[in-house]
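Shown next, in structure tokens, is the structure this report addresses.
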Amino acid sequence: MRAALYVRVSTTSQDSTNQLPELRAVARRRGWRIVETYSDDGISGARGRDQRPALDRMMKDATRGRFDVVAAWSVDRLGRSVLHVAQIVDDLQKVGCGLYVHKQAIDSTTATGRAMLSMCSVFAEFERELVRERTIAGMQRARAAGKRIGRPALPDATRASIKTLARRRLSNRAIAREVGASEATVRRVLRPAA
């Protein structure tokens with residue numbers, strides 16, 4: 001059986017290769033031949049397929065029949081919403097491709113596996129919502145205590161320097177170096193008011 005491995009981490013400081021050894025071991029034990037590994041690094045599981053290039057490529061390859069099963073480390077690596085995970089499972093099933101999820105030991109080729117996969121995706125979404133609620137509550141507490149939330153304000157003198165240097169036709173990169181800011185900050189300051 002031909003297998004594809006899918007791994008994902010949410011931040012660039014994490015490493016998706018930590019998920020691979022056990023997935024490779026599962027493939028060996030089951031006699032699967034790994035045809036490709038798809039990795040979305042630094043991308044939240046809350047993002048849809050259109051914002052996860054490796055997932056999108058994998059799903060297109062599944063449609064092309066490049067493999068028979070997808071192996072993932074955990075349900076939350078596939079997605080953080082019931083809708084996203086259910087859509088992935090449904091799309092894979094439509095093209096005759098199975099799904100194996102290692103940490104939860106779920107195999108979507110069985111009815112029990114499909115039911116378990118649905119329940120796990122519900123809990124993943126619930127966990128994400130709890131994190132979101134705690135974050136919002138923490139921000140509200142900080143605001144009530146008089147703390148400013150968000151990006152620090154750029155000093156007026158730096159803004160003026162950026163505009164002056166732009167009038168001298170310096171590149172954004174040169175301006176950023178000169179004032180000690182990022183190019184994104186320079187672009188933001190020079191962006192015409194909407």
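In the structure tokens, chains take letters A, B, ... by order of appearance, with residues numbered from 1 within each chain and ligands from 1 in the order shown.
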
Check: Hey, what does DSSP flag as alpha helix (DSSP H) within chain A? Can you give it to me as number ranges by chain?
Finding: A: 20-30, 53-63, 75-78, 82-94, 111-144, 156-167, 172-179, 183-190

Neighbouring residues of Asn172 (chain A) were defined as those with any atom within 8 Å, considering only C-alpha atoms; residues of the same chain fewer than 6 positions away were excluded. Please report them as a short mmCIF file (atom, residue, chain, number, x, y, z; two decimals) with C-alpha atoms, in the first residue's frame.
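Below is the file that was written, around.cif:
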data_model
loop_
_atom_site.label_atom_id
_atom_site.label_comp_id
_atom_site.auth_asym_id
_atom_site.auth_seq_id
_atom_site.Cartn_x
_atom_site.Cartn_y
_atom_site.Cartn_z
CA ALA A 166 11.18 58.55 1.22
CA GLU A 183 10.62 47.20 5.85
CA VAL A 186 8.31 51.57 6.49
CA ARG A 187 5.64 50.37 4.03
#

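Listed by chain and then by rising number, the residues of region 9-115 of chain A that DSSP assigns to strand (DSSP E) from the backbone are A:Val9, A:Arg33, A:Ile34, A:Val35, A:Glu36, A:Thr37, A:Tyr38, A:Ser39, A:Asp40, A:Asp41, A:Val69, A:Val70, A:Ala71, A:Ala72, A:Gly98, A:Leu99, A:Tyr100, A:Val101, A:Ile106, A:Asp107.
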
Next item on the list: With a distance cut-off of 12 Å and only C-alpha atoms, select the neighbouring residues of region 17-26 of chain A, excluding the residue or stretch itself and same-chain residues fewer than 3 positions from it, and output the selection as a PyMOL selection string.
Entry: chain A and resi 3-9+14+29-41+70-74+77+100-103+105

Next, write the just-selected residues to a file, as a PDB file, in the first residue's frame, keeping C-alpha atoms as the atom set.
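Listing of part.pdb after writing:
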ATOM      1  CA  ALA A   3       1.245   6.011   1.947  1.00  0.00           C
ATOM      2  CA  ALA A   4       1.604   9.759   2.311  1.00  0.00           C
ATOM      3  CA  LEU A   5       2.726  11.286   5.606  1.00  0.00           C
ATOM      4  CA  TYR A   6       1.299  14.635   6.709  1.00  0.00           C
ATOM      5  CA  VAL A   7       2.954  16.683   9.474  1.00  0.00           C
ATOM      6  CA  ARG A   8       2.285  20.218  10.698  1.00  0.00           C
ATOM      7  CA  VAL A   9       3.459  22.616  13.398  1.00  0.00           C
ATOM      8  CA  GLN A  14       8.633  24.154  16.390  1.00  0.00           C
ATOM      9  CA  ARG A  29       5.044  -2.299  10.472  1.00  0.00           C
ATOM     10  CA  ARG A  30       2.028  -2.123   8.160  1.00  0.00           C
ATOM     11  CA  GLY A  31       4.060  -2.692   5.007  1.00  0.00           C
ATOM     12  CA  TRP A  32       3.238   0.736   3.551  1.00  0.00           C
ATOM     13  CA  ARG A  33       5.566   2.308   0.999  1.00  0.00           C
ATOM     14  CA  ILE A  34       5.919   6.041   1.730  1.00  0.00           C
ATOM     15  CA  VAL A  35       5.588   7.944  -1.530  1.00  0.00           C
ATOM     16  CA  GLU A  36       5.780  11.462  -0.113  1.00  0.00           C
ATOM     17  CA  THR A  37       5.896  13.507   3.075  1.00  0.00           C
ATOM     18  CA  TYR A  38       3.889  16.730   3.182  1.00  0.00           C
ATOM     19  CA  SER A  39       4.832  19.327   5.800  1.00  0.00           C
ATOM     20  CA  ASP A  40       3.146  22.608   6.729  1.00  0.00           C
ATOM     21  CA  ASP A  41       5.536  24.406   9.090  1.00  0.00           C
ATOM     22  CA  VAL A  70      -2.593   9.297   4.572  1.00  0.00           C
ATOM     23  CA  ALA A  71      -0.867   8.960   7.940  1.00  0.00           C
ATOM     24  CA  ALA A  72      -0.893  11.923  10.329  1.00  0.00           C
ATOM     25  CA  TRP A  73       0.589  12.325  13.797  1.00  0.00           C
ATOM     26  CA  SER A  74      -2.602  13.529  15.489  1.00  0.00           C
ATOM     27  CA  ARG A  77      -2.270  18.210  13.045  1.00  0.00           C
ATOM     28  CA  TYR A 100      -4.570   6.785   9.770  1.00  0.00           C
ATOM     29  CA  VAL A 101      -4.082   9.043  12.814  1.00  0.00           C
ATOM     30  CA  HIS A 102      -1.238   7.802  15.000  1.00  0.00           C
ATOM     31  CA  LYS A 103      -1.712   9.338  18.477  1.00  0.00           C
ATOM     32  CA  ALA A 105      -4.822   5.097  16.770  1.00  0.00           C
TER      33      ALA A 105
END

Check: Hey, which of A:Ile136, A:Arg168, A:Val75, A:Ser118 ends up closest to Gln104 (chain A)? Count only C-alpha atoms.
Finding: A:Val75

Notebook entry, point to check: Suppose you want the space between CA of Arg167 (chain A) and CA of Arg191 (chain A); what is it in Å?
Noted result: 13.5 Å

Next item on the list: Enter the distance from CA of Ser108 (chain A) to CA of Val89 (chain A), in Å, rounded to one decimal.
Entry: 7.8 Å

Next item on the list: Provide the CA of Ala160 (chain A) to CA of Arg188 (chain A) distance in Å, to one decimal place.
Entry: 13.0 Å
